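First comes the structure, then the notes that go with it.
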Amino acid sequence: MDKTYDPHAIETRHYQRWEKQGYFKPQGEGAPYSIMIPPPNVTGSLHMGHGFNNAIMDALIRFHRMQGQPSLWQAGTDHAGIATQMVVERQLQAKGQNRKELGRDEFLKRVWEWKEESGNTITGQLRRLGSSLDWSRERFTMDPGFSKAVEEVFIRLYDEGLIYRGNRLVNWDCKLLTAISDLEVNSEEELGSFWYFRYPLCNGATTQEGLGYITIATTRPETLLGDTAVAVNPDDERFKHLIGQQVELPLCNRMIPIIADTYVDPAFGTGCVKITPAHDFNDYEVGQRHKLPLINILTKEGSINDNAPLAYQGMDRFECRKQLVRDMDTAGLLEKIEPHKLKVPRGDRSGVVTEPFLTNQWYVAIKTLAEPAIKAVEDGKIQFVPKNWENTYYSWMRDIQDWCISRQLWWGHRIPAWYDAEGKIYVAASEAEARSKYKLSADLQLTQDEDVLDTWFSSALWTFGTLGWPEQTQELKRFHPTDVLVTGFDIIFFWVARMIMMTLKFTGEIPFKTVYIHGLIRDGEGQKMSKSKGNVLDPIDLIDGIDLETLVQKRTSGMMQPQLAQKVEKATRKQFPTGIPAHGTDALRYTYYSLASLGRDINFDMGRMDGYRNFCNKIWNAARYVFMNTEEQMVTKPTDTNHYSRADLWIQARFQHALAKVNDSMAQYRFDLVSQAVYDFFWNEYCDWYLELSKPVLWDKSATAEQLNATRYTLLSVLEQSLRLAHPLMPFITEEIWLVAAPQLGITGDTIMLQPYPTPDETAINAEVEKEIEWMKSIILALRNIRGELNISPAKAIPAWFSKGSAQDKAQLASNQQFLTKLAKLESVTWLDDPASAPAAAMQLAGDMEIRVPLAGFVDIKAEQARLAKEIEKLQTDITKLQGQLGNDRFVANAPPAVVAKERERLASNQAALVQLEAQMKKLG
RNA sequence: GGGUGAAUAGCUCAGCUGGUAGAGCGUCGCCCUUACAAGGCGAAUGUCGGGGGUUCGAGCCCCUCUUCACCCA
């Protein structure tokens with residue numbers, strides 16, 4: 001093995017080999033285990049969220065694969081309708097072209113080309129993460145088979161009346177020129193205005209105050225052009241007498257009625273509300289109730305159309321807003337303007353303000369599908385981890401609205417519907433099928449619907465569509481339902497809920513048994529990572545490292561708001577003065593796991609990643625130490641357990657505890673606890689103690705061949721087991737070392753990833769040995785404390801005197817002498833029957849036993865006095881506290897006897913210790 | 001307005017059914033001790049957001065307030 005750990009050198013090599021050998025394919029018999037990857041955008045690139053998400057899935061799949069289960073991790077990508085189309089349109093724009101010019105077929109050709117060109121980026125990046133996805137079965141939401149499933153679902157839902165075409169208000173994106181679903185609209189609070197406009201009353205009507213007008217307040221003045229009524233609350237005494245009267249709609253030369261509707265909140269604004277049924281969801285409802293006309297005043301692009309007065313036609317909606325306010329002001333009808341905070345709806349892709357817009361769209365009647373989906377979770381067939389997300393799911397599902405699934409895009413699954421000249425609808429897989437299905441004459445002219453389906457419509461079929469449905473394939477039988485879905489909370493509605501509904505509907509099965517919901521990956525300060533904040537970390541950069549200039553370049557190029565570039569550059573240079581060093585995939589993954597506690601967002605901490613890179617280095621060097629001591633030797637499993645040292649038995653026992661903790665935490669999806677358990681065991685027990693304890697044995701000239709072999713075997717076999725224990729978390733380093741370790745133990749196999757996961761071994765648990773080694777550690781710790789506090793050089797061997805201990809202490813002292821001598825660097829070990837005879841010394845206690853290091857020639861007495869004083873003070877406060885507690889009768893009466901006894905014991909031992917230390921203090925004084 | 005989550009060491013986070021507060025990073029000493037200076041050894045560091053309550057005992061349970069984040073209307 002190389003002397004230094006170089007992650008880059010080993011990672012790509014192993015991954016290629018694994019993939020080439022087909023190790024990622026499900027193999028073996030037994031209970032299958034499966035996970036479907038949340039398909040990333042095919043033309044996208046990997047961000048920290050993907051990194052985290054896939055790290056979790058890879059750990060699960062590797063864990064179960066090693067348990068011997070045929071495990072499928074389905075690979076695939078999503079065509080991501082809007083996102084991808086936008087990218088290609090932007091490319092065209094850069095060349096001065098647009099998609100309309102190109103035409104549909106040519107445009108789609110360009111998108112496919114772009115997909116071919118960039119589609120490998122993200123799959124390549126997933127490979128860099130070590131993701132053991134079955135690439136041989138990779139799917140794409142627009143590949144022919146999957147498209148077949150989409151078609152089938154659409155047709156069946158239509159035939160059942162669960163998909164219908166409706167003319168109603170939708171959220172319209174004026175930039176992308178498509179309808180989008182409620183979920184794709186984000187409403188953020190923004191600072192706007194409340195404009196108060198006067199609408200003159202007709203026919204001489206007046207308000208209670210005798211005014212000839214009423215005042216309405218609006219946040220969207222331009223919609224005035226489409227007003228068809230003014231509404232008041234029927235119980236509002238101020239306006240009761242005006243109901244049924246007319247007002248003149250300013251600037252439009254139209255009369256509109258004053259109507260009564262309980263939708264109006266008398267306490268809000270002026271109590272009079274303008275009603276624009278064609279451009280507001282609430283007004284639409286009011287309009288329906290009162291049979292008001294709908295006047296659409298906007299074009300698809302969001303400018304004013306010919307239904308408005310000539311003066312405004314062709315104006316952009318925001319331009320119109322300004323002009324209209326000016327005109328109202330000129331007309332003396334602008335009463336006042338107030339600043340107002342309001343929620344502004346924006347398209348999540350385009351970022352522009354969406355408009356409620358009256359169009360014909362396709363909808364899924366979702367309520368019927370929702371009911372069984374709710375029940376599946378209620379009945380516990382599907383479980384969310386953590387459980388509280390179930391409430392989020394319920395609250396949305398119980399109030400679910402019909403789903404608008406048509407998009408006015410070109411990139412996506414084209415809707416399998418044809419129209420004749422009269423607009424009659426024929427739904428079938430192809431025009432030919434439509435003709436035969438509906439028995440249409442051959443000369444009837446049919447045209448296909450221009451629209452495509454919402455991307456999420458196809459994603460909803462992911463778990464079964466990838467397995468070959470509608471064919472009843474072997475894979476479908478074997479791997480469906482899947483075991484767990486790993487995803488972020490942000491797509492519970494978009495994806496998780498819809499998958500549950502569609503899968504139940506079409507397979508009669510749940511899509512997955514468990515939904516593991518994780519939080520968002522934020523930066524170290526808890527800020528969302530975003531290009532405009534300039535705090536985005538690229539997982540690949542964390543793996544490979546990146547120099548400062550390249551990082552700055554990357555973060556400041558292509559910004560939406562270039563004026564922020566300077567700020568971003570400054571912050572980047574401050575945070576990473578020397579760039580980001582390479583950490584390797586295993587360290588990155590380990591960081592993800594360590595932060596993966598449930599139910600909260602993850603603040604990605606670079607410091608932790610450094611720590612786990614160091615951990616990898618530690619593993620590497622520990623392995624080197626083991627191999628140095630085993631490579632030239634024949635190591636065999638000892639035939640007699642008596643050949644093992646106490647330390648050998650101890651580490652074997654400790655491994656069992658670590659394994660139990662790992663299995664337990666794994667079952668609860670607590671990857672943070674898994675990583676902690678592995679880290680603690682390997683570093684704090686195996687490296688810090690066991691490797692050191694192996695040295696006195698291996699270096700002991702008088703050790704027998706059997707003893708040497710037993711310790712070498714333990715070094716190797718615990719290392720080998722630890723590698724298997726850690727492999728699901730850190731696939732690369734464990735593979736690299738395992739390939740060296742395994743042959744020495746006579747284990748055959750080309751890869752650790754197909755080896756069995758360690759299984760619990762009751763016989764290795766050994767409470768007696770664990771207690772003894774704990775005892776020994778406490779003595780070493782006491783001696784090291786003296787050494788450290790008194791500044792005795794680590795190079796200096798010191799004599800140690802022991803006294804006042806039990807017979808067992810004395811015996812264990814003798815049997816562990818070689819360990820103590822090495823780890824505490826002792827020059828000699830002496831048992832004093834009469835401690836009073838001891839000369840001035842530093843003293844520590846281990847239980848009752850006194851441990852002394854003579855002061856002469858080592859340190860000044862003052863340092864030892866200070867150290868003692870500190871110890872004594874600590875004991876005294878502890879004793880006072882305990883005395884208070886034990887002096888409380890109610891504590892003694894009510895607390896469990898075991899607790900009381902424990903506290904009594906503590907008090908007694910603290911008191912005894914205090915006496916001993918005070919005596920020592922006096923002696924030094 | 002409704003809902004969820006969070007507040008623990010300088011920073012990022014653990015803390016299981018209530019029983020002497022932990023880790024990593026950072027900090028301060030001492031060490032290149034033949035696996036590892038990306039290391040070893042030792043040390044310091046917290047009225048567990050505030051206030052009440054229940055209990056023999058509260059970081060944990062109950063009430064209340066404050067701040068932050070997110071979701072929904």
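Each chain in the structure tokens gets a letter, A, B, ..., in the order shown, and its residues are numbered from 1; ligands are numbered from 1 in order too.
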
What are the closest atom pairs, with distances in Å to one decimal, for all residues of chain B lying within 6 Å of chain A? Consider only C-alpha atoms (C1' of nucleotides), order rows by chain and residue number, and present the result as CSV.
```
residue,atom,partner,partner_atom,distance
B:U12,C1',A:Asp605,CA,5.5
B:G24,C1',A:Arg608,CA,5.9
B:C25,C1',A:Gly607,CA,4.9
B:A35,C1',A:Tyr625,CA,4.1
B:C36,C1',A:Asn621,CA,5.1
B:A38,C1',A:Asn614,CA,4.7
B:G42,C1',A:Gly788,CA,4.4
B:C56,C1',A:Phe891,CA,3.4
```

| task | Please give the complete set of residues from region 552-634 of chain A that DSSP, run on the backbone, assigns to alpha helix (DSSP H), formatted as a VMD selection string. | result | chain A and resid 552 to 556 565 to 575 585 to 594 606 to 630

| field | Distance criterion (only C-alpha atoms): nearest to Val427 (chain A) out of A:Leu446, A:Ala767, A:Leu176, A:Ile155 | value |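 Ranked by minimum distance to Val427 (chain A), first place goes to A:Ile155.
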
| field | strand (DSSP E) positions in region 37-156 of chain A, given as a PyMOL selection string | value | chain A and resi 71-77+134-140

Write the residues of the selection above to a file with C-alpha atoms, as a PDB file, in the first residue's frame.
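Final output, saved to again_4.pdb:
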```pdb
ATOM      1  CA  SER A  71     -30.882  -5.544  -4.604  1.00  0.00           C
ATOM      2  CA  LEU A  72     -31.949  -3.258  -7.379  1.00  0.00           C
ATOM      3  CA  TRP A  73     -31.166   0.400  -7.446  1.00  0.00           C
ATOM      4  CA  GLN A  74     -32.944   1.584 -10.549  1.00  0.00           C
ATOM      5  CA  ALA A  75     -31.079   4.207 -12.552  1.00  0.00           C
ATOM      6  CA  GLY A  76     -32.729   6.805 -14.709  1.00  0.00           C
ATOM      7  CA  THR A  77     -33.259  10.402 -15.663  1.00  0.00           C
ATOM      8  CA  ASP A 134     -27.813  -0.618 -11.990  1.00  0.00           C
ATOM      9  CA  TRP A 135     -26.889   1.287 -15.124  1.00  0.00           C
ATOM     10  CA  SER A 136     -27.673  -1.671 -17.299  1.00  0.00           C
ATOM     11  CA  ARG A 137     -31.337  -0.956 -16.667  1.00  0.00           C
ATOM     12  CA  GLU A 138     -31.114   2.806 -16.968  1.00  0.00           C
ATOM     13  CA  ARG A 139     -34.367   4.436 -18.034  1.00  0.00           C
ATOM     14  CA  PHE A 140     -35.392   7.810 -19.335  1.00  0.00           C
TER      15      PHE A 140
END
```

| query | Residues at most 7 Å from Asp833 (chain A), counting only C-alpha atoms (C1' of nucleotides), excluding those fewer than 2 positions away in the same chain, as JSON, numbers by chain? | reply | {"A": [803, 831, 835]}

| message | Can you tell me which residues surround U27 (chain B) at a distance of at most 12 Å, considering only C-alpha atoms (C1' of nucleotides), apart from same-chain residues fewer than 6 positions away, and format the answer as a VMD selection string? | response | chain B and resid 9 to 11 43 to 45

| message | Let me make sure I understand: among B:C16, B:C30, B:A6, B:C72, which one has the smallest atom-to-atom distance to C60 (chain B) if we use only C-alpha atoms (C1' of nucleotides)? | response |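 Using only C-alpha atoms (C1' of nucleotides), C60 (chain B) sits closest to B:C16.
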
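With only C-alpha atoms as the atoms that count, the residue of A:Ala83, A:Ala376, A:Ala807, A:Ala841 with the shortest distance to Lys513 (chain A) is A:Ala376.
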
| Mind pulling up the distance from CA of Ala866 (chain A) to CA of Leu917 (chain A)? |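 Separation of CA of Leu917 (chain A) and CA of Ala866 (chain A): 12.0 Å.
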
| Test item: residues at most 12 Å from A7 (chain B), only C-alpha atoms (C1' of nucleotides), excluding those fewer than 5 positions along its chain, as a list in words | C48, G49, G50, G59, U66, U67, C68 and A69 of chain B

| task | Go through A:Trp689, A:Trp410, A:Phe464, A:Trp801 and flag the residue nearest Glu106 (chain A), using only C-alpha atoms for the distances. | result |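 Of A:Trp689, A:Trp410, A:Phe464, A:Trp801, the one nearest Glu106 (chain A) is A:Trp410, counting only C-alpha atoms.
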